[in-house]
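Reproduced below: entry-v8.txt, with compact mmCIF, C-alpha atoms (C1' of nucleotides).
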# COMPACT_ATOMS: atom_id res chain seq x y z
CA MET D 227 -107.02 70.14 -21.92
CA LYS D 228 -106.14 66.54 -21.25
CA LEU D 229 -107.38 63.25 -22.53
CA SER D 230 -108.22 60.68 -19.86
CA ALA D 231 -106.20 57.61 -18.99
CA LYS D 232 -109.04 55.61 -20.49
CA VAL D 233 -108.36 57.12 -23.87
CA GLU D 234 -104.63 56.61 -23.56
CA TYR D 235 -105.07 52.95 -22.67
CA GLY D 236 -107.82 52.51 -25.20
CA VAL D 237 -105.66 53.67 -28.06
CA ARG D 238 -102.70 51.63 -26.88
CA ALA D 239 -104.86 48.55 -26.55
CA MET D 240 -106.33 49.04 -30.00
CA ALA D 241 -102.84 49.33 -31.43
CA ILE D 242 -101.97 45.96 -29.89
CA LEU D 243 -105.16 44.52 -31.29
CA ALA D 244 -104.21 45.86 -34.70
CA TYR D 245 -100.76 44.37 -34.41
CA TYR D 246 -102.15 40.90 -33.73
CA CYS D 247 -105.14 41.20 -36.00
CA GLN D 248 -104.10 38.20 -38.08
CA SER D 249 -104.28 35.82 -35.13
CA GLY D 250 -107.55 34.89 -33.46
CA PRO D 251 -109.27 36.78 -30.67
CA LEU D 252 -106.89 38.35 -28.18
CA PRO D 253 -107.85 38.20 -24.50
CA LEU D 254 -107.59 41.32 -22.36
CA ARG D 255 -105.20 39.51 -20.05
CA GLU D 256 -102.59 39.57 -22.83
CA ILE D 257 -102.96 43.25 -23.46
CA ALA D 258 -102.97 44.02 -19.76
CA ASP D 259 -99.72 42.14 -19.19
CA GLN D 260 -97.98 43.43 -22.25
CA GLU D 261 -98.86 47.07 -21.63
CA GLY D 262 -98.80 47.01 -17.85
CA ILE D 263 -102.39 48.13 -17.56
CA SER D 264 -104.82 46.89 -14.91
CA LEU D 265 -107.04 44.15 -16.35
CA LYS D 266 -110.06 45.42 -14.49
CA PHE D 267 -109.56 48.86 -15.87
CA LEU D 268 -109.32 47.53 -19.41
CA GLU D 269 -112.51 45.55 -18.84
CA GLN D 270 -114.17 48.86 -18.23
CA ILE D 271 -112.93 50.43 -21.43
CA PHE D 272 -113.64 47.67 -23.91
CA PRO D 273 -117.43 47.67 -23.70
CA ASP D 274 -117.32 51.25 -24.99
CA LEU D 275 -115.25 50.21 -27.97
CA ARG D 276 -117.59 47.35 -28.70
CA ARG D 277 -120.72 49.45 -28.40
CA ALA D 278 -119.12 51.84 -30.87
CA GLY D 279 -118.73 48.90 -33.25
CA LEU D 280 -114.96 49.08 -33.45
CA ILE D 281 -114.32 45.61 -32.06
CA SER D 282 -116.25 42.44 -31.53
CA SER D 283 -115.94 40.09 -28.62
CA VAL D 284 -115.73 36.32 -28.30
CA ARG D 285 -116.85 35.04 -24.97
CA GLY D 286 -115.70 31.99 -23.07
CA ALA D 287 -112.42 30.10 -23.03
CA ARG D 288 -110.08 31.01 -25.91
CA GLY D 289 -112.16 34.07 -26.41
CA GLY D 290 -111.05 37.67 -26.50
CA TYR D 291 -111.45 40.67 -28.75
CA ILE D 292 -110.87 41.27 -32.44
CA LEU D 293 -111.03 44.39 -34.56
CA ALA D 294 -114.29 44.80 -36.40
CA TYR D 295 -112.45 46.39 -39.37
CA PRO D 296 -108.94 46.25 -40.80
CA PRO D 297 -106.54 48.64 -39.03
CA SER D 298 -106.39 50.83 -42.12
CA GLU D 299 -110.04 51.73 -41.62
CA ILE D 300 -110.02 52.61 -37.94
CA ARG D 301 -109.20 56.17 -37.01
CA VAL D 302 -107.71 57.24 -33.70
CA GLY D 303 -110.54 59.73 -33.57
CA ASP D 304 -113.06 56.88 -33.59
CA ILE D 305 -111.40 55.38 -30.54
CA VAL D 306 -111.19 58.65 -28.66
CA ARG D 307 -114.85 59.47 -29.29
CA ALA D 308 -115.88 55.92 -28.41
CA VAL D 309 -114.41 56.08 -24.93
CA GLU D 310 -114.76 59.77 -24.11
CA GLY D 311 -117.82 60.74 -26.08
CA PRO D 312 -117.90 63.64 -28.51
CA ILE D 313 -115.05 66.11 -28.33
CA VAL D 314 -116.27 69.35 -26.80
CA PRO D 315 -113.38 71.55 -25.72
CA ILE D 316 -115.58 73.94 -23.81
CA ASN D 317 -118.98 73.44 -22.23
CA CYS D 318 -120.81 76.17 -24.09
CA LEU D 319 -120.33 74.16 -27.30
CA SER D 320 -122.12 71.13 -25.91
CA GLU D 321 -125.23 70.03 -27.73
CA SER D 322 -126.40 67.73 -24.97
CA GLU D 323 -129.55 68.39 -22.97
CA LYS D 324 -128.13 68.31 -19.51
CA ASP D 325 -125.40 70.84 -20.13
CA PRO D 326 -126.30 74.44 -19.49
CA TYR D 327 -127.38 75.71 -22.84
CA CYS D 328 -125.45 78.71 -24.09
CA HIS D 329 -127.81 81.61 -24.63
CA ARG D 330 -125.10 83.88 -25.86
CA LYS D 331 -124.55 81.83 -28.99
CA GLU D 332 -124.90 84.66 -31.44
CA ALA D 333 -123.47 87.39 -29.29
CA CYS D 334 -120.53 85.40 -28.00
CA LEU D 335 -117.22 86.83 -29.13
CA THR D 336 -115.22 83.76 -28.32
CA ARG D 337 -117.43 80.98 -29.59
CA TYR D 338 -115.82 80.81 -32.96
CA VAL D 339 -112.38 80.05 -31.56
CA TRP D 340 -113.75 77.09 -29.68
CA GLU D 341 -115.55 75.79 -32.72
CA LYS D 342 -112.38 76.06 -34.74
CA LEU D 343 -110.47 74.28 -32.00
CA ARG D 344 -112.99 71.47 -31.79
CA ASN D 345 -112.90 70.97 -35.55
CA ARG D 346 -109.12 70.88 -35.68
CA ILE D 347 -108.88 68.38 -32.86
CA ASN D 348 -111.29 66.07 -34.62
CA GLU D 349 -109.41 66.53 -37.87
CA VAL D 350 -106.01 65.63 -36.54
CA LEU D 351 -107.31 62.59 -34.69
CA ASP D 352 -109.15 61.45 -37.80
CA GLU D 353 -106.07 61.77 -39.96
CA VAL D 354 -104.32 58.94 -38.18
CA PHE D 355 -105.36 55.33 -38.74
CA LEU D 356 -104.44 52.31 -36.67
CA ASP D 357 -102.17 50.84 -39.32
CA GLU D 358 -99.95 53.89 -39.11
CA LEU D 359 -99.42 53.25 -35.44
CA VAL D 360 -98.30 49.67 -35.75
CA ASP D 361 -95.17 50.18 -37.70
CA LEU D 362 -96.69 49.39 -41.08
CA LYS D 363 -95.77 52.93 -41.96
CA PRO D 364 -92.45 53.71 -40.30
CA ALA D 365 -90.45 56.94 -40.28
CA GLN D 366 -93.26 58.96 -38.85
CA THR D 367 -92.51 62.62 -38.87
CA VAL D 368 -94.57 64.81 -36.63
CA ASN D 369 -95.82 67.96 -38.21
CA MET B 91 -110.49 67.05 -23.49
CA LYS B 92 -111.94 70.20 -21.99
CA LEU B 93 -110.59 73.59 -21.18
CA SER B 94 -111.35 74.85 -17.70
CA ALA B 95 -113.84 77.54 -16.78
CA LYS B 96 -110.85 79.67 -15.88
CA VAL B 97 -109.73 79.64 -19.47
CA GLU B 98 -113.19 80.35 -20.78
CA TYR B 99 -113.58 83.34 -18.48
CA GLY B 100 -110.02 84.43 -19.05
CA VAL B 101 -110.46 84.67 -22.79
CA ARG B 102 -113.83 86.39 -22.48
CA ALA B 103 -112.38 88.89 -20.04
CA MET B 104 -109.43 89.59 -22.28
CA ALA B 105 -111.80 90.20 -25.17
CA ILE B 106 -113.61 92.81 -23.09
CA LEU B 107 -110.31 94.36 -22.17
CA ALA B 108 -109.40 94.50 -25.84
CA TYR B 109 -112.73 96.10 -26.67
CA TYR B 110 -112.15 98.91 -24.17
CA CYS B 111 -108.42 99.18 -24.70
CA GLN B 112 -108.64 102.86 -25.71
CA SER B 113 -110.12 103.92 -22.36
CA GLY B 114 -108.13 103.86 -19.17
CA PRO B 115 -107.73 100.89 -16.85
CA LEU B 116 -110.85 98.73 -16.55
CA PRO B 117 -111.74 97.39 -13.09
CA LEU B 118 -112.65 93.73 -12.69
CA ARG B 119 -116.01 94.78 -11.27
CA GLU B 120 -117.02 96.01 -14.75
CA ILE B 121 -116.04 92.78 -16.44
CA ALA B 122 -117.69 90.69 -13.76
CA ASP B 123 -120.98 92.54 -14.13
CA GLN B 124 -120.95 92.66 -17.88
CA GLU B 125 -120.12 88.99 -18.33
CA GLY B 126 -121.93 87.63 -15.31
CA ILE B 127 -118.80 86.14 -13.79
CA SER B 128 -118.04 86.06 -10.08
CA LEU B 129 -115.67 88.89 -9.17
CA LYS B 130 -113.79 86.73 -6.74
CA PHE B 131 -113.23 84.11 -9.40
CA LEU B 132 -111.92 86.69 -11.83
CA GLU B 133 -109.57 87.97 -9.15
CA GLN B 134 -108.10 84.52 -9.13
CA ILE B 135 -107.51 84.44 -12.86
CA PHE B 136 -106.02 87.85 -13.49
CA PRO B 137 -102.79 87.42 -11.53
CA ASP B 138 -101.92 84.61 -13.96
CA LEU B 139 -102.43 86.88 -16.92
CA ARG B 140 -100.35 89.57 -15.31
CA ARG B 141 -97.52 87.21 -14.41
CA ALA B 142 -97.52 86.10 -18.03
CA GLY B 143 -97.03 89.73 -19.02
CA LEU B 144 -100.24 90.00 -21.02
CA ILE B 145 -101.79 92.74 -18.91
CA SER B 146 -100.67 95.28 -16.38
CA SER B 147 -102.51 96.35 -13.29
CA VAL B 148 -103.21 99.74 -11.76
CA ARG B 149 -103.92 99.53 -8.04
CA GLY B 150 -106.09 101.73 -5.91
CA ALA B 151 -109.26 103.71 -6.64
CA ARG B 152 -109.95 104.17 -10.35
CA GLY B 153 -107.50 101.41 -11.01
CA GLY B 154 -108.03 98.27 -13.01
CA TYR B 155 -106.32 96.34 -15.75
CA ILE B 156 -105.06 97.23 -19.20
CA LEU B 157 -103.61 95.13 -21.99
CA ALA B 158 -99.85 95.13 -22.08
CA TYR B 159 -99.93 94.97 -25.91
CA PRO B 160 -102.34 95.97 -28.65
CA PRO B 161 -105.04 93.34 -29.27
CA SER B 162 -103.49 92.51 -32.63
CA GLU B 163 -100.44 91.15 -30.85
CA ILE B 164 -102.11 88.95 -28.25
CA ARG B 165 -102.92 85.38 -29.22
CA VAL B 166 -105.66 83.30 -27.68
CA GLY B 167 -102.99 80.67 -27.18
CA ASP B 168 -101.06 83.08 -24.94
CA ILE B 169 -104.09 83.45 -22.73
CA VAL B 170 -104.83 79.74 -22.56
CA ARG B 171 -101.25 78.88 -21.64
CA ALA B 172 -101.11 81.72 -19.12
CA VAL B 173 -104.01 80.40 -17.10
CA GLU B 174 -103.72 76.66 -17.67
CA GLY B 175 -100.02 76.19 -18.17
CA PRO B 176 -98.51 74.45 -21.17
CA ILE B 177 -100.86 72.40 -23.31
CA VAL B 178 -100.18 68.70 -22.75
CA PRO B 179 -103.01 66.56 -24.09
CA ILE B 180 -101.74 63.41 -22.42
CA ASN B 181 -99.53 62.95 -19.39
CA CYS B 182 -96.78 60.96 -21.06
CA LEU B 183 -95.91 64.07 -23.08
CA SER B 184 -95.26 66.14 -20.00
CA GLU B 185 -91.77 67.54 -19.58
CA SER B 186 -92.24 68.48 -15.96
CA GLU B 187 -90.36 66.79 -13.16
CA LYS B 188 -93.22 65.72 -11.01
CA ASP B 189 -95.10 63.90 -13.72
CA PRO B 190 -94.28 60.27 -14.13
CA TYR B 191 -91.61 60.23 -16.79
CA CYS B 192 -92.49 58.16 -19.83
CA HIS B 193 -89.91 55.42 -20.24
CA ARG B 194 -91.48 54.07 -23.37
CA LYS B 195 -90.66 57.20 -25.34
CA GLU B 196 -88.92 55.47 -28.20
CA ALA B 197 -90.96 52.29 -28.20
CA CYS B 198 -94.32 53.96 -27.80
CA LEU B 199 -96.56 53.41 -30.79
CA THR B 200 -98.99 56.12 -29.92
CA ARG B 201 -96.72 58.94 -28.85
CA TYR B 202 -96.57 60.56 -32.22
CA VAL B 203 -100.32 61.04 -32.43
CA TRP B 204 -100.29 62.91 -29.16
CA GLU B 205 -97.40 65.08 -30.26
CA LYS B 206 -99.21 65.91 -33.45
CA LEU B 207 -102.35 66.69 -31.49
CA ARG B 208 -100.50 68.96 -29.07
CA ASN B 209 -98.88 70.83 -31.92
CA ARG B 210 -102.14 71.36 -33.77
CA ILE B 211 -103.92 72.60 -30.68
CA ASN B 212 -101.20 75.15 -30.08
CA GLU B 213 -101.29 76.16 -33.72
CA VAL B 214 -104.98 76.81 -33.93
CA LEU B 215 -105.01 78.78 -30.69
CA ASP B 216 -102.06 80.82 -31.87
CA GLU B 217 -103.72 81.66 -35.16
CA VAL B 218 -106.36 83.77 -33.49
CA PHE B 219 -105.56 87.20 -32.10
CA LEU B 220 -107.62 89.29 -29.73
CA ASP B 221 -108.51 91.88 -32.34
CA GLU B 222 -110.28 89.21 -34.37
CA LEU B 223 -112.52 88.46 -31.44
CA VAL B 224 -113.72 91.98 -30.86
CA ASP B 225 -115.53 92.61 -34.06
CA LEU B 226 -112.71 94.45 -35.73
CA LYS B 227 -112.78 91.60 -38.19
CA PRO B 228 -116.38 90.56 -38.73
CA ALA B 229 -117.82 87.75 -40.86
CA GLN B 230 -115.78 85.11 -39.20
CA THR B 231 -116.03 81.81 -40.94
CA VAL B 232 -115.05 78.75 -39.05
CA ASN B 233 -112.86 76.37 -40.93
C1' DT Z 87 -116.89 19.67 -15.22
C1' DG Z 88 -113.44 22.94 -14.85
C1' DA Z 89 -110.96 26.59 -16.58
C1' DT Z 90 -111.04 30.71 -19.19
C1' DA Z 91 -112.65 35.01 -20.41
C1' DA Z 92 -116.18 38.46 -21.44
C1' DC Z 93 -119.67 41.05 -18.90
C1' DC Z 94 -121.80 43.93 -15.19
C1' DG Z 95 -122.57 47.14 -11.41
C1' DA Z 96 -121.19 49.03 -7.29
C1' DG Z 97 -117.64 50.90 -4.15
C1' DT Z 98 -113.35 53.52 -3.02
C1' DT Z 99 -109.86 56.95 -2.88
C1' DA Z 100 -107.50 60.98 -4.33
C1' DA Z 101 -107.25 64.88 -7.07
C1' DT Z 102 -109.28 68.60 -9.44
C1' DT Z 103 -112.66 72.14 -10.28
C1' DG Z 104 -115.06 75.94 -9.42
C1' DG Z 105 -115.85 78.46 -6.57
C1' DT Z 106 -116.28 81.41 -1.62
C1' DC Z 107 -114.52 84.16 2.33
C1' DG Z 108 -112.01 87.43 4.85
C1' DG Z 109 -108.91 90.46 5.02
C1' DG Z 110 -104.61 93.42 3.60
C1' DA Z 111 -102.06 96.86 0.69
C1' DT Z 112 -102.36 100.77 -2.45
C1' DT Z 113 -104.09 104.77 -4.36
C1' DA Z 114 -107.38 108.56 -6.12
C1' DA Z 115 -110.57 111.63 -4.76
C1' DA Z 116 -113.65 114.10 -1.32
C1' DT V 206 -106.92 113.02 6.28
C1' DT V 207 -110.44 110.10 5.67
C1' DT V 208 -112.98 107.20 2.63
C1' DA V 209 -113.95 104.32 -1.01
C1' DA V 210 -112.36 101.79 -4.73
C1' DT V 211 -109.37 98.46 -6.33
C1' DC V 212 -105.88 95.02 -6.72
C1' DC V 213 -103.76 91.29 -4.05
C1' DC V 214 -103.24 87.03 -1.25
C1' DG V 215 -104.08 82.77 1.02
C1' DA V 216 -107.12 79.77 3.19
C1' DC V 217 -111.12 77.06 2.87
C1' DC V 218 -114.93 74.15 0.92
C1' DA V 219 -118.33 71.33 -1.58
C1' DA V 220 -119.15 68.75 -5.60
C1' DT V 221 -117.53 66.31 -9.26
C1' DT V 222 -114.52 63.41 -11.75
C1' DA V 223 -110.73 60.08 -12.49
C1' DA V 224 -108.72 56.05 -11.89
C1' DC V 225 -109.02 52.25 -10.21
C1' DT V 226 -110.82 47.98 -7.34
C1' DC V 227 -113.99 44.27 -6.00
C1' DG V 228 -117.12 40.63 -6.30
C1' DG V 229 -119.58 38.39 -8.76
C1' DT V 230 -122.43 36.27 -13.32
C1' DT V 231 -122.64 34.28 -17.87
C1' DA V 232 -120.88 32.03 -21.91
C1' DT V 233 -117.72 28.85 -24.17
C1' DC V 234 -114.22 25.53 -25.00
C1' DA V 235 -111.52 21.33 -23.95

Mind turning the file's structure into structure tokens?
Amino acid sequence: MKLSAKVEYGVRAMAILAYYCQSGPLPLREIADQEGISLKFLEQIFPDLRRAGLISSVRGARGGYILAYPPSEIRVGDIVRAVEGPIVPINCLSESEKDPYCHRKEACLTRYVWEKLRNRINEVLDEVFLDELVDLKPAQTVN
Amino acid sequence: MKLSAKVEYGVRAMAILAYYCQSGPLPLREIADQEGISLKFLEQIFPDLRRAGLISSVRGARGGYILAYPPSEIRVGDIVRAVEGPIVPINCLSESEKDPYCHRKEACLTRYVWEKLRNRINEVLDEVFLDELVDLKPAQTVN
DNA sequence: TGATAACCGAGTTAATTGGTCGGGATTAAA
DNA sequence: TTTAATCCCGACCAATTAACTCGGTTATCA
């Protein structure tokens, strides 16, 4: 029941991007140095975020990445799903072709717990927007 | 963001155990056959459930396992934590010694999302009791 | 033209997962 | 007292995944 390092770094990087969203494009090098994350590893994460339409890239010298939307419109859930794919807490819930299809769907006693779990995870991640992370809303109380 | 097969089987097995909780001890062989799970794999899961105090075992011929409490008092969350350990959706939340301690605790922008996520996961899993799974409460609507 | 930076795909290493295997200890029943 | 059922335990193993790393190519600016 863990998120990958990719997700952790992805969310952290997006928070940085949100923080500097007024300036021009921010190169990965900056983020890598500031957060102590391997540049090469970041380079592997960012294409996913771009393909998901959350950021856009500027190539060449003085290039970098910028948010495709204001921080107040980007949900943590968007980021998580962009880098990890859809949230599926247990294989039998998977809709994808390659996964072993669950033939016990109707009979399965436990299925409904996993559905509930999946929904709640998506909900909580979608409740939080990038602007909340970057100090614009302080005094965050966990609940 | 996936639960292990151990957890999936563990919860299914516990549901069976709840279903037959009026009869005597149920051998793993029964559960394995009924659910199509490898006996040897189940044998690896059940000690965790016993150590957590959720079931008790009866050794020898005509032995098996029985719930340590009525189904209405056993939470799915108890089972999950018994076989997978505490729910920690991201490493920097870990309290354990061996994990790399997070030195950014206070400064970390993202920490509070992960805390919120961890709390919600525990909540939803603790809302569901074994008796709900075994048909005693039908018409389950996911929400 | 040279430096910067995104882009791409393949390779590597270590850990985890999802099992299997073989046997030992305990107990009820024949 | 033997036998069969059952839990119990630890070792082993193959496949997958995670978390990087490496070596380069392409685009852009100064």

Nearest residue to DA100 of chain Z out of V:DC225, V:DC213, V:DA232, V:DC218, using all atoms listed in the file?
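Ranking V:DC225, V:DC213, V:DA232, V:DC218 by distance to DA100 of chain Z, first place goes to V:DC225.
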
Give me, as a ChimeraX atom specification, the contact residues of chain D against chain Z at a cut-off of 12 Å, counting all atoms listed in the file.
/D:251-256,265-266,268-273,276,282-291

Go through chain V residue by residue and, counting all atoms listed in the file, keep those with an atom at most 10 Å from chain D; for each kept residue give the shortest atom pair and its distance in Å to one decimal, ordered by chain and increasing number, as a Markdown table.
| residue | atom | partner | partner_atom | distance |
| --- | --- | --- | --- | --- |
| V:DA223 | C1' | D:Ser230 | CA | 7.8 |
| V:DA224 | C1' | D:Ala231 | CA | 7.7 |
| V:DC225 | C1' | D:Phe267 | CA | 6.6 |
| V:DT226 | C1' | D:Lys266 | CA | 7.6 |
| V:DC227 | C1' | D:Lys266 | CA | 9.4 |
| V:DT231 | C1' | D:Gly286 | CA | 9.0 |
| V:DA232 | C1' | D:Gly286 | CA | 5.3 |
| V:DT233 | C1' | D:Gly286 | CA | 3.9 |
| V:DC234 | C1' | D:Ala287 | CA | 5.3 |
| V:DA235 | C1' | D:Ala287 | CA | 8.9 |

Near Leu199 of chain B, within 10 Å and counting all atoms listed in the file, which residues show up once chain neighbours fewer than 5 positions away are dropped, as a ChimeraX atom specification?
/D:237-238,241-242,356,358-361 /B:194

Counting all atoms listed in the file, the option among D:Glu299, D:Leu229, D:Cys247, D:Thr336 closest to Ile313 of chain D:
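Counting all atoms listed in the file, the residue closest to Ile313 of chain D is D:Leu229.
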
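Our summary of the geometry notes that atom CA of Met227 of chain D is positioned 4.9 Å from atom CA of Met91 of chain B.
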
Coordinates of chain B after Cα superposition on chain D, as a CSV table (one decimal) with C-alpha atoms, in the frame of the given file:
chain,number,residue,atom,x,y,z
B,91,MET,CA,-107.0,70.1,-21.9
B,92,LYS,CA,-106.2,66.5,-21.3
B,93,LEU,CA,-107.4,63.2,-22.5
B,94,SER,CA,-108.2,60.7,-19.9
B,95,ALA,CA,-106.2,57.6,-19.0
B,96,LYS,CA,-109.0,55.6,-20.5
B,97,VAL,CA,-108.4,57.1,-23.8
B,98,GLU,CA,-104.6,56.6,-23.5
B,99,TYR,CA,-105.1,52.9,-22.7
B,100,GLY,CA,-107.8,52.5,-25.2
B,101,VAL,CA,-105.7,53.7,-28.1
B,102,ARG,CA,-102.7,51.6,-26.9
B,103,ALA,CA,-104.9,48.5,-26.6
B,104,MET,CA,-106.3,49.0,-30.0
B,105,ALA,CA,-102.8,49.3,-31.4
B,106,ILE,CA,-102.0,46.0,-29.9
B,107,LEU,CA,-105.1,44.5,-31.3
B,108,ALA,CA,-104.2,45.9,-34.7
B,109,TYR,CA,-100.7,44.4,-34.4
B,110,TYR,CA,-102.1,40.9,-33.8
B,111,CYS,CA,-105.1,41.2,-36.0
B,112,GLN,CA,-104.1,38.2,-38.1
B,113,SER,CA,-104.3,35.8,-35.2
B,114,GLY,CA,-107.5,34.9,-33.5
B,115,PRO,CA,-109.2,36.8,-30.7
B,116,LEU,CA,-106.9,38.3,-28.2
B,117,PRO,CA,-107.8,38.2,-24.5
B,118,LEU,CA,-107.6,41.3,-22.4
B,119,ARG,CA,-105.2,39.5,-20.1
B,120,GLU,CA,-102.6,39.5,-22.9
B,121,ILE,CA,-102.9,43.2,-23.4
B,122,ALA,CA,-103.0,44.0,-19.7
B,123,ASP,CA,-99.7,42.1,-19.2
B,124,GLN,CA,-98.0,43.4,-22.3
B,125,GLU,CA,-98.8,47.0,-21.6
B,126,GLY,CA,-98.8,47.0,-17.8
B,127,ILE,CA,-102.4,48.1,-17.5
B,128,SER,CA,-104.8,46.8,-14.9
B,129,LEU,CA,-107.0,44.1,-16.3
B,130,LYS,CA,-110.1,45.4,-14.5
B,131,PHE,CA,-109.6,48.8,-15.9
B,132,LEU,CA,-109.3,47.5,-19.4
B,133,GLU,CA,-112.5,45.6,-18.8
B,134,GLN,CA,-114.1,48.9,-18.2
B,135,ILE,CA,-112.9,50.4,-21.4
B,136,PHE,CA,-113.6,47.7,-23.9
B,137,PRO,CA,-117.4,47.6,-23.7
B,138,ASP,CA,-117.3,51.2,-25.0
B,139,LEU,CA,-115.2,50.2,-28.0
B,140,ARG,CA,-117.6,47.3,-28.7
B,141,ARG,CA,-120.7,49.4,-28.4
B,142,ALA,CA,-119.1,51.8,-30.9
B,143,GLY,CA,-118.7,48.9,-33.2
B,144,LEU,CA,-114.9,49.1,-33.4
B,145,ILE,CA,-114.3,45.6,-32.1
B,146,SER,CA,-116.2,42.4,-31.5
B,147,SER,CA,-115.9,40.1,-28.6
B,148,VAL,CA,-115.7,36.3,-28.3
B,149,ARG,CA,-116.9,35.1,-25.0
B,150,GLY,CA,-115.7,32.0,-23.1
B,151,ALA,CA,-112.4,30.1,-22.9
B,152,ARG,CA,-110.0,31.1,-25.7
B,153,GLY,CA,-112.1,34.1,-26.4
B,154,GLY,CA,-111.0,37.7,-26.5
B,155,TYR,CA,-111.4,40.7,-28.8
B,156,ILE,CA,-110.9,41.3,-32.5
B,157,LEU,CA,-111.0,44.4,-34.6
B,158,ALA,CA,-114.3,44.8,-36.4
B,159,TYR,CA,-112.4,46.4,-39.4
B,160,PRO,CA,-108.9,46.3,-40.8
B,161,PRO,CA,-106.5,48.7,-39.1
B,162,SER,CA,-106.4,50.9,-42.1
B,163,GLU,CA,-110.1,51.7,-41.6
B,164,ILE,CA,-110.0,52.6,-37.9
B,165,ARG,CA,-109.2,56.2,-37.0
B,166,VAL,CA,-107.7,57.2,-33.7
B,167,GLY,CA,-110.6,59.7,-33.6
B,168,ASP,CA,-113.1,56.9,-33.6
B,169,ILE,CA,-111.4,55.4,-30.5
B,170,VAL,CA,-111.2,58.7,-28.6
B,171,ARG,CA,-114.9,59.5,-29.3
B,172,ALA,CA,-115.9,55.9,-28.4
B,173,VAL,CA,-114.4,56.1,-24.9
B,174,GLU,CA,-114.8,59.8,-24.1
B,175,GLY,CA,-117.8,60.7,-26.1
B,176,PRO,CA,-117.9,63.6,-28.5
B,177,ILE,CA,-115.1,66.1,-28.3
B,178,VAL,CA,-116.3,69.4,-26.8
B,179,PRO,CA,-113.4,71.6,-25.7
B,180,ILE,CA,-115.6,74.0,-23.8
B,181,ASN,CA,-119.0,73.4,-22.2
B,182,CYS,CA,-120.8,76.2,-24.1
B,183,LEU,CA,-120.3,74.2,-27.3
B,184,SER,CA,-122.1,71.2,-25.9
B,185,GLU,CA,-125.3,70.1,-27.8
B,186,SER,CA,-126.5,67.8,-25.0
B,187,GLU,CA,-129.6,68.5,-23.0
B,188,LYS,CA,-128.2,68.4,-19.6
B,189,ASP,CA,-125.4,70.9,-20.2
B,190,PRO,CA,-126.3,74.4,-19.5
B,191,TYR,CA,-127.4,75.7,-22.8
B,192,CYS,CA,-125.4,78.7,-24.1
B,193,HIS,CA,-127.8,81.6,-24.6
B,194,ARG,CA,-125.1,83.9,-25.8
B,195,LYS,CA,-124.6,81.9,-29.0
B,196,GLU,CA,-124.9,84.7,-31.4
B,197,ALA,CA,-123.4,87.4,-29.3
B,198,CYS,CA,-120.5,85.4,-28.0
B,199,LEU,CA,-117.2,86.8,-29.1
B,200,THR,CA,-115.2,83.8,-28.3
B,201,ARG,CA,-117.4,81.0,-29.6
B,202,TYR,CA,-115.8,80.8,-33.0
B,203,VAL,CA,-112.4,80.1,-31.6
B,204,TRP,CA,-113.8,77.1,-29.7
B,205,GLU,CA,-115.6,75.8,-32.7
B,206,LYS,CA,-112.4,76.1,-34.7
B,207,LEU,CA,-110.5,74.3,-32.0
B,208,ARG,CA,-113.0,71.5,-31.8
B,209,ASN,CA,-112.9,71.0,-35.5
B,210,ARG,CA,-109.1,70.9,-35.7
B,211,ILE,CA,-108.9,68.4,-32.9
B,212,ASN,CA,-111.3,66.1,-34.6
B,213,GLU,CA,-109.4,66.5,-37.9
B,214,VAL,CA,-106.0,65.6,-36.6
B,215,LEU,CA,-107.3,62.6,-34.7
B,216,ASP,CA,-109.2,61.5,-37.8
B,217,GLU,CA,-106.1,61.8,-40.0
B,218,VAL,CA,-104.3,58.9,-38.2
B,219,PHE,CA,-105.4,55.3,-38.7
B,220,LEU,CA,-104.5,52.3,-36.7
B,221,ASP,CA,-102.2,50.8,-39.3
B,222,GLU,CA,-100.0,53.9,-39.1
B,223,LEU,CA,-99.4,53.2,-35.4
B,224,VAL,CA,-98.3,49.7,-35.7
B,225,ASP,CA,-95.2,50.1,-37.7
B,226,LEU,CA,-96.7,49.3,-41.0
B,227,LYS,CA,-95.7,52.9,-41.9
B,228,PRO,CA,-92.4,53.7,-40.2
B,229,ALA,CA,-90.4,56.9,-40.2
B,230,GLN,CA,-93.3,58.9,-38.8
B,231,THR,CA,-92.6,62.6,-38.9
B,232,VAL,CA,-94.6,64.8,-36.7
B,233,ASN,CA,-95.9,67.9,-38.3

Could you tell me which of D:Phe355, D:Met240, D:Ser320, D:Pro315 comes closest to chain B if we count all atoms listed in the file?
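Answer, going by the shortest atom-to-atom distance: D:Pro315.
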
At what distance in Å, to one decimal, does atom CA of Ala278 of chain D lie from atom CA of Glu205 of chain B?
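Spanning atom CA of Glu205 of chain B to atom CA of Ala278 of chain D is a straight-line distance of 25.4 Å.
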
Go through B:Cys198, B:Ile156, B:Val166, B:Ala103 one by one, measure the shortest atom-to-atom distance of each to Val214 of chain B using only C-alpha atoms, and give the residue with the smallest value.
B:Val166

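Checking D:Ile281, D:Leu243, D:Val233, D:Ala294 one by one against chain B, counting all atoms listed in the file, you find the shortest gap at D:Val233.
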